[in-house]
$ cat start.cif   # mmCIF, C-alpha atoms
data_entry
loop_
_atom_site.label_atom_id
_atom_site.label_comp_id
_atom_site.auth_asym_id
_atom_site.auth_seq_id
_atom_site.Cartn_x
_atom_site.Cartn_y
_atom_site.Cartn_z
CA MET D 22 -13.05 -45.08 127.03
CA THR D 23 -16.43 -46.40 128.18
CA SER D 24 -16.98 -48.39 125.00
CA ARG D 25 -13.43 -49.79 125.14
CA SER D 26 -13.53 -51.06 128.69
CA SER D 27 -16.75 -52.94 127.99
CA LEU D 28 -15.03 -54.99 125.23
CA SER D 29 -13.97 -58.58 125.85
CA PRO D 30 -10.22 -58.98 126.02
CA LEU D 31 -8.43 -61.07 123.39
CA ARG D 32 -7.27 -64.37 124.88
CA VAL D 33 -3.95 -65.46 123.38
CA LEU D 34 -2.16 -68.79 123.85
CA GLY D 35 1.58 -68.39 123.29
CA ILE D 36 3.63 -71.54 122.60
CA ASP D 37 7.43 -71.72 122.75
CA PRO D 38 7.90 -74.99 120.86
CA GLY D 39 10.34 -77.68 121.91
CA LEU D 40 10.44 -81.47 121.96
CA THR D 41 11.49 -81.86 125.59
CA ARG D 42 9.79 -78.73 126.94
CA CYS D 43 7.06 -76.70 125.23
CA GLY D 44 6.40 -73.46 127.10
CA VAL D 45 2.73 -72.41 127.17
CA GLY D 46 1.31 -69.11 128.36
CA VAL D 47 -2.24 -67.78 128.18
CA VAL D 48 -3.00 -64.07 128.64
CA ASP D 49 -6.06 -61.86 128.28
CA VAL D 50 -5.15 -58.60 126.55
CA ALA D 51 -7.57 -55.66 126.50
CA PRO D 52 -7.74 -53.17 123.62
CA ASP D 53 -5.97 -50.63 125.89
CA ARG D 54 -3.04 -53.15 125.95
CA SER D 55 -3.42 -54.02 129.63
CA ALA D 56 -2.99 -57.74 130.23
CA GLN D 57 -3.91 -60.42 132.71
CA LEU D 58 -2.22 -63.78 133.35
CA VAL D 59 -4.57 -66.72 132.77
CA HIS D 60 -2.25 -69.73 132.71
CA VAL D 61 1.42 -70.55 132.49
CA GLY D 62 3.08 -73.96 132.26
CA VAL D 63 5.23 -76.42 130.35
CA VAL D 64 4.23 -79.45 128.28
CA ARG D 65 6.99 -82.03 128.56
CA SER D 66 7.95 -85.18 126.66
CA ASP D 67 10.50 -87.75 127.77
CA PRO D 68 13.65 -87.77 125.55
CA GLY D 69 13.79 -91.55 126.07
CA GLU D 70 10.52 -92.08 124.18
CA PRO D 71 10.41 -92.55 120.39
CA ILE D 72 9.82 -89.32 118.43
CA GLU D 73 6.28 -90.31 117.32
CA VAL D 74 5.26 -90.90 120.96
CA ARG D 75 6.83 -87.57 122.04
CA LEU D 76 4.95 -85.61 119.38
CA ALA D 77 1.69 -87.32 120.35
CA LEU D 78 2.31 -86.42 124.03
CA ILE D 79 2.95 -82.79 123.06
CA ALA D 80 -0.26 -82.68 120.99
CA THR D 81 -2.26 -84.12 123.89
CA GLY D 82 -0.76 -81.61 126.35
CA LEU D 83 -1.39 -78.61 124.07
CA ARG D 84 -4.96 -79.75 123.31
CA ALA D 85 -5.60 -79.93 127.08
CA VAL D 86 -4.44 -76.31 127.49
CA ILE D 87 -6.71 -75.18 124.63
CA GLU D 88 -9.63 -77.16 126.10
CA ALA D 89 -9.11 -75.69 129.57
CA HIS D 90 -8.53 -72.05 128.58
CA ARG D 91 -10.23 -71.64 125.16
CA PRO D 92 -7.95 -69.03 123.57
CA ASP D 93 -9.15 -66.86 120.63
CA VAL D 94 -5.83 -67.21 118.84
CA VAL D 95 -2.55 -69.15 119.08
CA ALA D 96 0.92 -67.56 118.68
CA VAL D 97 3.93 -69.84 118.05
CA GLU D 98 7.60 -68.87 118.08
CA ARG D 99 9.06 -69.05 114.57
CA VAL D 100 11.87 -71.58 114.17
CA PHE D 101 14.89 -70.93 111.96
CA ALA D 102 17.03 -73.46 110.13
CA GLN D 103 20.40 -71.78 110.62
CA HIS D 104 21.02 -72.33 114.35
CA ASN D 105 21.54 -75.45 116.48
CA ARG D 106 21.27 -77.83 113.55
CA GLN D 107 21.12 -80.80 115.92
CA THR D 108 17.88 -79.81 117.66
CA VAL D 109 16.25 -77.49 115.11
CA MET D 110 14.39 -80.27 113.30
CA GLY D 111 12.78 -81.46 116.56
CA THR D 112 11.83 -77.88 117.41
CA ALA D 113 10.35 -77.41 113.92
CA GLN D 114 8.35 -80.63 114.31
CA ALA D 115 7.04 -79.46 117.70
CA SER D 116 6.08 -76.10 116.15
CA GLY D 117 4.18 -78.03 113.46
CA ILE D 118 2.24 -79.82 116.21
CA ALA D 119 1.51 -76.47 117.92
CA LEU D 120 0.12 -75.01 114.67
CA LEU D 121 -1.80 -78.23 113.96
CA VAL D 122 -3.69 -78.25 117.27
CA ALA D 123 -4.74 -74.63 116.56
CA GLY D 124 -5.88 -75.52 113.04
CA GLU D 125 -7.80 -78.58 114.24
CA ARG D 126 -9.79 -76.41 116.64
CA GLY D 127 -10.46 -73.80 113.95
CA LEU D 128 -8.29 -71.26 115.80
CA PRO D 129 -6.19 -68.77 113.82
CA ALA D 130 -2.45 -69.07 114.44
CA ALA D 131 0.51 -66.80 113.84
CA THR D 132 4.27 -67.06 114.21
CA HIS D 133 6.64 -64.40 115.55
CA THR D 134 10.44 -64.35 115.60
CA PRO D 135 12.37 -64.03 118.89
CA SER D 136 13.47 -60.49 117.93
CA GLU D 137 9.89 -59.44 117.16
CA VAL D 138 8.95 -60.67 120.62
CA LYS D 139 11.84 -58.85 122.31
CA ALA D 140 11.07 -55.64 120.42
CA ALA D 141 7.36 -55.81 121.25
CA ILE D 142 7.97 -56.42 124.96
CA THR D 143 11.02 -54.28 125.76
CA GLY D 144 11.22 -51.86 122.83
CA TYR D 145 14.40 -53.30 121.34
CA GLY D 146 15.04 -56.51 119.45
CA SER D 147 18.29 -57.51 121.14
CA ALA D 148 17.07 -57.36 124.74
CA ASP D 149 18.32 -60.22 126.92
CA LYS D 150 16.12 -62.93 128.42
CA ARG D 151 16.12 -61.33 131.90
CA GLN D 152 14.93 -57.97 130.55
CA VAL D 153 12.08 -59.66 128.70
CA GLN D 154 11.08 -61.65 131.81
CA THR D 155 11.19 -58.53 134.00
CA MET D 156 8.95 -56.67 131.58
CA VAL D 157 6.51 -59.59 131.31
CA ALA D 158 6.27 -59.74 135.13
CA ARG D 159 5.65 -55.98 135.28
CA VAL D 160 2.97 -56.02 132.55
CA LEU D 161 1.15 -58.94 134.18
CA ARG D 162 1.64 -57.48 137.70
CA LEU D 163 3.37 -60.64 138.97
CA ASP D 164 5.26 -60.59 142.28
CA ALA D 165 8.15 -62.61 140.83
CA LEU D 166 9.62 -63.38 137.42
CA PRO D 167 7.44 -65.92 135.61
CA GLN D 168 8.75 -69.47 136.08
CA PRO D 169 9.97 -71.62 134.40
CA ALA D 170 11.88 -69.61 131.77
CA ASP D 171 10.33 -71.40 128.75
CA ALA D 172 6.92 -70.48 130.09
CA ALA D 173 8.03 -66.85 130.44
CA ASP D 174 8.97 -66.89 126.75
CA ALA D 175 5.52 -68.22 125.90
CA LEU D 176 3.89 -65.38 127.87
CA ALA D 177 6.08 -62.82 126.07
CA LEU D 178 5.06 -64.35 122.75
CA ALA D 179 1.36 -64.13 123.63
CA LEU D 180 1.70 -60.46 124.68
CA CYS D 181 3.72 -59.69 121.54
CA HIS D 182 1.02 -61.21 119.36
CA ALA D 183 -1.77 -59.14 120.90
CA TRP D 184 0.26 -55.91 120.91
CA ARG D 185 1.48 -56.30 117.34
CA GLY D 186 -2.13 -56.36 116.21
CA GLY D 187 -3.36 -59.90 116.59
CA ALA D 188 -6.58 -58.72 114.97
CA THR D 189 -4.80 -58.22 111.65
CA VAL D 190 -3.39 -61.73 111.70
CA ALA D 191 -6.75 -63.15 112.73
CA ALA D 192 -8.45 -61.34 109.86
CA ALA D 193 -6.00 -62.93 107.41
CA SER D 194 -6.73 -66.39 108.82
CA GLY D 195 -10.49 -66.44 108.48
CA PRO D 196 -13.59 -65.15 110.21
CA LEU D 197 -13.10 -63.37 113.55
CA THR D 198 -14.62 -64.47 116.83
CA PRO D 199 -16.85 -61.83 118.46
CA ALA D 200 -14.00 -60.95 120.86
CA GLN D 201 -11.54 -60.62 118.01
CA ARG D 202 -13.93 -58.45 115.98
CA ALA D 203 -14.53 -56.11 118.92
CA TRP D 204 -10.80 -55.98 119.53
CA ALA D 205 -10.07 -55.22 115.87
CA ASP D 206 -12.66 -52.42 115.87
CA ALA D 207 -11.21 -50.89 119.02
CA GLU D 208 -7.69 -51.09 117.60
CA ARG D 209 -8.83 -49.36 114.44
CA LEU D 210 -10.52 -46.59 116.48
CA SER D 211 -7.43 -46.09 118.64
CA ARG D 212 -5.30 -45.51 115.49
CA ARG D 213 -7.46 -42.62 114.24
CA MET H 175 10.81 -121.84 103.05
CA THR H 176 7.42 -123.32 103.94
CA SER H 177 7.29 -121.61 107.31
CA ARG H 178 8.38 -118.29 105.78
CA SER H 179 5.78 -118.14 103.02
CA SER H 180 3.02 -118.76 105.57
CA LEU H 181 4.00 -115.57 107.49
CA SER H 182 1.95 -112.39 107.19
CA PRO H 183 3.78 -109.70 105.25
CA LEU H 184 4.77 -106.46 106.99
CA ARG H 185 2.58 -103.59 105.82
CA VAL H 186 4.57 -100.35 105.65
CA LEU H 187 3.23 -96.83 105.04
CA GLY H 188 5.94 -94.61 103.55
CA ILE H 189 5.46 -90.84 103.76
CA ASP H 190 7.49 -88.29 101.76
CA PRO H 191 6.60 -85.19 103.79
CA GLY H 192 5.77 -81.84 102.21
CA LEU H 193 3.38 -78.98 102.90
CA THR H 194 1.92 -78.77 99.40
CA ARG H 195 2.26 -82.44 98.48
CA CYS H 196 2.83 -85.35 100.87
CA GLY H 197 3.58 -88.55 98.96
CA VAL H 198 2.09 -91.69 100.54
CA GLY H 199 2.78 -95.29 99.58
CA VAL H 200 1.67 -98.51 101.23
CA VAL H 201 3.37 -101.84 100.47
CA ASP H 202 3.19 -105.36 101.86
CA VAL H 203 6.68 -106.83 102.20
CA ALA H 204 7.19 -110.53 102.85
CA PRO H 205 10.14 -111.88 104.85
CA ASP H 206 11.66 -113.12 101.54
CA ARG H 207 11.71 -109.38 100.54
CA SER H 208 9.09 -109.75 97.80
CA ALA H 209 6.65 -106.82 97.86
CA GLN H 210 3.14 -105.95 96.77
CA LEU H 211 1.66 -102.51 96.05
CA VAL H 212 -1.31 -101.73 98.33
CA HIS H 213 -1.86 -97.99 97.82
CA VAL H 214 -0.14 -95.00 96.34
CA GLY H 215 -1.25 -91.37 96.39
CA VAL H 216 -0.61 -87.79 97.42
CA VAL H 217 -2.09 -85.75 100.29
CA ARG H 218 -2.30 -82.13 99.19
CA SER H 219 -2.80 -78.79 100.94
CA ASP H 220 -3.51 -75.48 99.24
CA PRO H 221 -0.58 -73.00 99.54
CA GLY H 222 -3.18 -70.21 99.80
CA GLU H 223 -4.47 -71.53 103.14
CA PRO H 224 -2.92 -70.49 106.49
CA ILE H 225 -0.23 -72.86 107.77
CA GLU H 226 -2.37 -74.17 110.67
CA VAL H 227 -5.15 -75.12 108.24
CA ARG H 228 -2.67 -76.80 105.88
CA LEU H 229 -1.16 -78.92 108.66
CA ALA H 230 -4.64 -79.95 109.82
CA LEU H 231 -5.54 -80.96 106.24
CA ILE H 232 -2.36 -83.05 106.00
CA ALA H 233 -3.12 -84.75 109.33
CA THR H 234 -6.67 -85.57 108.17
CA GLY H 235 -5.41 -86.96 104.85
CA LEU H 236 -2.72 -89.11 106.48
CA ARG H 237 -5.15 -90.41 109.12
CA ALA H 238 -7.53 -91.45 106.32
CA VAL H 239 -4.73 -93.48 104.66
CA ILE H 240 -3.91 -95.19 107.99
CA GLU H 241 -7.60 -95.88 108.60
CA ALA H 242 -8.10 -97.37 105.12
CA HIS H 243 -4.92 -99.47 104.93
CA ARG H 244 -3.95 -100.17 108.56
CA PRO H 245 -0.15 -100.31 108.23
CA ASP H 246 2.01 -102.08 110.85
CA VAL H 247 4.62 -99.33 110.77
CA VAL H 248 5.16 -95.84 109.31
CA ALA H 249 8.40 -94.70 107.60
CA VAL H 250 9.00 -90.98 107.08
CA GLU H 251 11.76 -89.34 105.03
CA ARG H 252 14.25 -87.57 107.28
CA VAL H 253 14.45 -83.80 106.73
CA PHE H 254 17.74 -81.90 106.94
CA ALA H 255 18.28 -78.29 107.95
CA GLN H 256 21.08 -77.48 105.53
CA HIS H 257 19.22 -77.41 102.19
CA ASN H 258 16.47 -75.18 100.79
CA ARG H 259 16.24 -73.01 103.87
CA GLN H 260 13.06 -71.38 102.52
CA THR H 261 10.96 -74.55 102.47
CA VAL H 262 12.76 -76.80 104.95
CA MET H 263 10.78 -75.59 107.97
CA GLY H 264 7.47 -76.39 106.26
CA THR H 265 8.78 -79.83 105.29
CA ALA H 266 9.97 -80.41 108.88
CA GLN H 267 6.54 -79.39 110.21
CA ALA H 268 4.83 -81.78 107.77
CA SER H 269 7.21 -84.56 108.88
CA GLY H 270 6.21 -83.81 112.49
CA ILE H 271 2.56 -84.30 111.51
CA ALA H 272 3.41 -87.59 109.76
CA LEU H 273 5.17 -88.90 112.88
CA LEU H 274 2.35 -87.61 115.11
CA VAL H 275 -0.42 -89.48 113.27
CA ALA H 276 1.64 -92.68 113.65
CA GLY H 277 2.17 -92.03 117.37
CA GLU H 278 -1.50 -91.25 117.95
CA ARG H 279 -2.47 -94.62 116.47
CA GLY H 280 0.16 -96.43 118.54
CA LEU H 281 2.12 -97.30 115.39
CA PRO H 282 5.92 -97.40 115.49
CA ALA H 283 7.59 -94.90 113.16
CA ALA H 284 11.07 -94.55 111.72
CA THR H 285 12.91 -92.02 109.57
CA HIS H 286 15.30 -92.74 106.73
CA THR H 287 17.53 -90.36 104.77
CA PRO H 288 17.22 -90.03 100.97
CA SER H 289 20.61 -91.74 100.50
CA GLU H 290 19.59 -94.64 102.75
CA VAL H 291 16.51 -95.05 100.55
CA LYS H 292 18.51 -94.88 97.30
CA ALA H 293 21.08 -97.36 98.63
CA ALA H 294 18.39 -99.78 99.83
CA ILE H 295 16.49 -99.69 96.52
CA THR H 296 19.23 -99.49 93.87
CA GLY H 297 22.34 -100.55 95.77
CA TYR H 298 24.05 -97.14 95.70
CA GLY H 299 23.30 -93.96 97.63
CA SER H 300 23.70 -91.49 94.79
CA ALA H 301 21.28 -93.11 92.32
CA ASP H 302 19.08 -90.63 90.47
CA LYS H 303 15.30 -90.34 90.87
CA ARG H 304 14.59 -92.23 87.63
CA GLN H 305 16.73 -95.21 88.65
CA VAL H 306 14.92 -95.41 91.99
CA GLN H 307 11.52 -95.23 90.28
CA THR H 308 12.49 -97.88 87.74
CA MET H 309 13.59 -100.22 90.52
CA VAL H 310 10.42 -99.57 92.56
CA ALA H 311 8.29 -100.39 89.49
CA ARG H 312 10.25 -103.61 88.91
CA VAL H 313 10.05 -104.74 92.55
CA LEU H 314 6.29 -104.09 92.68
CA ARG H 315 5.78 -105.57 89.18
CA LEU H 316 4.11 -102.38 87.89
CA ASP H 317 3.57 -101.87 84.15
CA ALA H 318 4.67 -98.23 84.33
CA LEU H 319 6.74 -96.01 86.63
CA PRO H 320 4.74 -95.16 89.76
CA GLN H 321 2.98 -91.80 89.44
CA PRO H 322 3.16 -89.07 90.67
CA ALA H 323 6.89 -88.80 91.51
CA ASP H 324 6.35 -87.86 95.21
CA ALA H 325 4.30 -91.01 95.60
CA ALA H 326 7.10 -93.05 94.00
CA ASP H 327 9.47 -91.66 96.64
CA ALA H 328 7.03 -92.74 99.35
CA LEU H 329 6.92 -96.29 97.94
CA ALA H 330 10.75 -96.39 97.82
CA LEU H 331 10.84 -95.25 101.45
CA ALA H 332 8.38 -97.97 102.51
CA LEU H 333 10.40 -100.68 100.72
CA CYS H 334 13.63 -99.31 102.20
CA HIS H 335 12.18 -99.48 105.69
CA ALA H 336 11.13 -103.11 105.35
CA TRP H 337 14.36 -104.19 103.69
CA ARG H 338 16.63 -102.40 106.17
CA GLY H 339 15.05 -104.45 108.95
CA GLY H 340 11.86 -102.70 109.96
CA ALA H 341 11.53 -105.27 112.71
CA THR H 342 14.52 -103.84 114.55
CA VAL H 343 13.04 -100.35 114.54
CA ALA H 344 9.65 -101.67 115.60
CA ALA H 345 11.25 -103.53 118.51
CA ALA H 346 12.85 -100.29 119.71
CA SER H 347 9.49 -98.50 119.61
CA GLY H 348 7.43 -100.84 121.76
CA PRO H 349 5.57 -104.13 121.52
CA LEU H 350 5.36 -105.77 118.11
CA THR H 351 2.16 -106.65 116.29
CA PRO H 352 1.82 -110.37 115.49
CA ALA H 353 2.87 -109.67 111.88
CA GLN H 354 5.91 -107.70 113.02
CA ARG H 355 6.91 -110.42 115.49
CA ALA H 356 6.66 -113.12 112.82
CA TRP H 357 8.63 -110.94 110.44
CA ALA H 358 11.33 -110.26 113.04
CA ASP H 359 11.65 -113.98 113.76
CA ALA H 360 11.96 -114.81 110.06
CA GLU H 361 14.56 -112.05 109.59
CA ARG H 362 16.57 -113.42 112.49
CA LEU H 363 16.41 -116.95 111.04
CA SER H 364 17.49 -115.75 107.60
CA ARG H 365 20.60 -114.13 109.10
CA ARG H 366 21.87 -117.38 110.63
#

$ encode --input "start.cif" --output "structure tokens"
Amino acid sequence: MTSRSSLSPLRVLGIDPGLTRCGVGVVDVAPDRSAQLVHVGVVRSDPGEPIEVRLALIATGLRAVIEAHRPDVVAVERVFAQHNRQTVMGTAQASGIALLVAGERGLPAATHTPSEVKAAITGYGSADKRQVQTMVARVLRLDALPQPADAADALALALCHAWRGGATVAAASGPLTPAQRAWADAERLSRR
Amino acid sequence: MTSRSSLSPLRVLGIDPGLTRCGVGVVDVAPDRSAQLVHVGVVRSDPGEPIEVRLALIATGLRAVIEAHRPDVVAVERVFAQHNRQTVMGTAQASGIALLVAGERGLPAATHTPSEVKAAITGYGSADKRQVQTMVARVLRLDALPQPADAADALALALCHAWRGGATVAAASGPLTPAQRAWADAERLSRR
């Protein structure tokens, strides 16, 4: 336990992509799975602006979060084609921007589906939003449910990524940062 | 006619978005609808790279085209959710990057559907690829069909945008460049 607690936590930026509201949540997750809230917020773009301006605003907002909080890895919610055909293309474009800003900074990125997130946080993939939020608040020792809801989803995504073995994803995406390497080693030890 | 031929042409960058191959075509289109080829090419990303790296490569490639050829406006093929579910999300993400690089440079952008492009180029919306390419080659006075095919689609998109009244779209997206303003005026005059 001594060697574990001396390790740097993994800092994960979770992004719940959307054109009008992009939820962002940053958490520090230790190898023992305990977690600390670093930042939570929403990057907005005005629906009255042209699409190219909105995407540029989202990129600027996400880059500012990365600059301020310097995550080790970025986790983005995976978008599916089959639902909400009207808005899904905008959401997919926003998710492309989220992945791009990670790639531009040399950060590894990963995507997780909503049911992977629910399963990782609550133990079952069809949990409702409120159950996920309650669990996120408990894990992060918050006095109230994280607000706004999109930001709560981003926090859940970030926790999910770390708990599902962010180190594995990071290893597939290129060289590890020192924090990621230490985290991967500790994870490996804890599985023995 | 004298006043028209003295106007600057509108320079349009057409982008056929894709993760592995992004077709790019730049054309100068005069108010009398005659057009000149400026650049044609493909921005590639390696399918073996992680998605965040691929999107960053695409952004870098598209920015280089904008830097080299300084278009007045960017036209991007519109992506639909209903077809090719497997690849459509990647194409949508690439289209988000294409719109973003326009927005970051303060360039107006517009999207057109494949049938709008076919109708604008050949006169009917269900023309096949070969008919579109043949028409693009004729309009641009090329000795052979434009190569590769994705780049031909990008040229068709750029021509479509100018011919469908790029000035209208530009006006909706913010202030016009001097070339766009002159073009819009000439278009308005020609409709009288």

$ closest_atom_pairs --input "start.cif" --of "chain D" --to "chain H" --cutoff "10 Å" --atoms "all atoms listed in the file" --output "tab-separated table"
residue	atom	partner	partner_atom	distance
D:Glu70	CA	H:Ser347	CA	7.9
D:Pro71	CA	H:Ser347	CA	6.1
D:Ile72	CA	H:Leu273	CA	7.3
D:Glu73	CA	H:Gly277	CA	4.5
D:Val74	CA	H:Gly277	CA	4.9
D:Arg75	CA	H:Gly277	CA	8.0
D:Leu76	CA	H:Leu274	CA	5.4
D:Ala77	CA	H:Leu274	CA	5.3
D:Leu78	CA	H:Glu278	CA	8.6
D:Ile79	CA	H:Leu274	CA	9.3
D:Ala80	CA	H:Leu274	CA	8.1
D:Thr81	CA	H:Glu278	CA	9.3
D:Val95	CA	H:Glu226	CA	9.8
D:Arg99	CA	H:Met263	CA	9.4
D:Val100	CA	H:Met263	CA	7.5
D:Phe101	CA	H:Met263	CA	7.4
D:Ala102	CA	H:Ala255	CA	5.4
D:Gln103	CA	H:Ala255	CA	7.3
D:His104	CA	H:Ala255	CA	9.2
D:Asn105	CA	H:Ala255	CA	9.6
D:Arg106	CA	H:Ala255	CA	6.4
D:Gln107	CA	H:Ala255	CA	8.8
D:Thr108	CA	H:Ala255	CA	9.8
D:Val109	CA	H:Ala255	CA	7.5
D:Met110	CA	H:Ala266	CA	6.3
D:Gly111	CA	H:Gly270	CA	8.1
D:Thr112	CA	H:Gln267	CA	9.1
D:Ala113	CA	H:Gln267	CA	5.7
D:Gln114	CA	H:Gly270	CA	4.2
D:Ala115	CA	H:Gly270	CA	6.8
D:Ser116	CA	H:Gln267	CA	6.8
D:Gly117	CA	H:Gln267	CA	4.2
D:Ile118	CA	H:Ile271	CA	6.5
D:Ala119	CA	H:Glu226	CA	8.5
D:Leu120	CA	H:Glu226	CA	4.8
D:Leu121	CA	H:Glu226	CA	5.3
D:Val122	CA	H:Ala230	CA	7.7
D:Ala123	CA	H:Glu226	CA	6.4
D:Gly124	CA	H:Glu226	CA	4.4
D:Glu125	CA	H:Ala230	CA	5.6
D:Arg126	CA	H:Ala230	CA	9.3
D:Gly127	CA	H:Val227	CA	7.9
D:Leu128	CA	H:Glu226	CA	8.4
D:Pro129	CA	H:Glu226	CA	7.3
D:Ala130	CA	H:Glu226	CA	6.3
D:Ala131	CA	H:Glu226	CA	8.5
D:Thr132	CA	H:Ile225	CA	9.8
D:Ala193	CA	H:Pro224	CA	8.2
D:Ser194	CA	H:Pro224	CA	6.1
D:Gly195	CA	H:Pro224	CA	8.8

$ closest_residue --input "start.cif" --among "D:Val94, D:Leu178, D:Ala51, D:Leu31" --to "Ala141 (chain D)" --atoms "all atoms listed in the file"
D:Leu178

$ resolve_selection --input "start.cif" --expression "the PyMOL selection byres ((chain D and resi 168) around 12)" --output "MDAnalysis selection string"
chainID D and resid 44:46 60:63 151 154:155 157:158 163:167 169:176

$ residues_around --input "start.cif" --residues "His335 (chain H)" --least-positions-apart "2" --cutoff "12 Å" --atoms "only C-alpha atoms" --output "PyMOL selection string"
chain H and resi 184-189+199-203+207+246-251+282-288+290-295+328-333+337-344

$ atom_distance --input "start.cif" --atom1 "CA of Val212 (chain H)" --atom2 "CA of Ser300 (chain H)"
27.3 Å
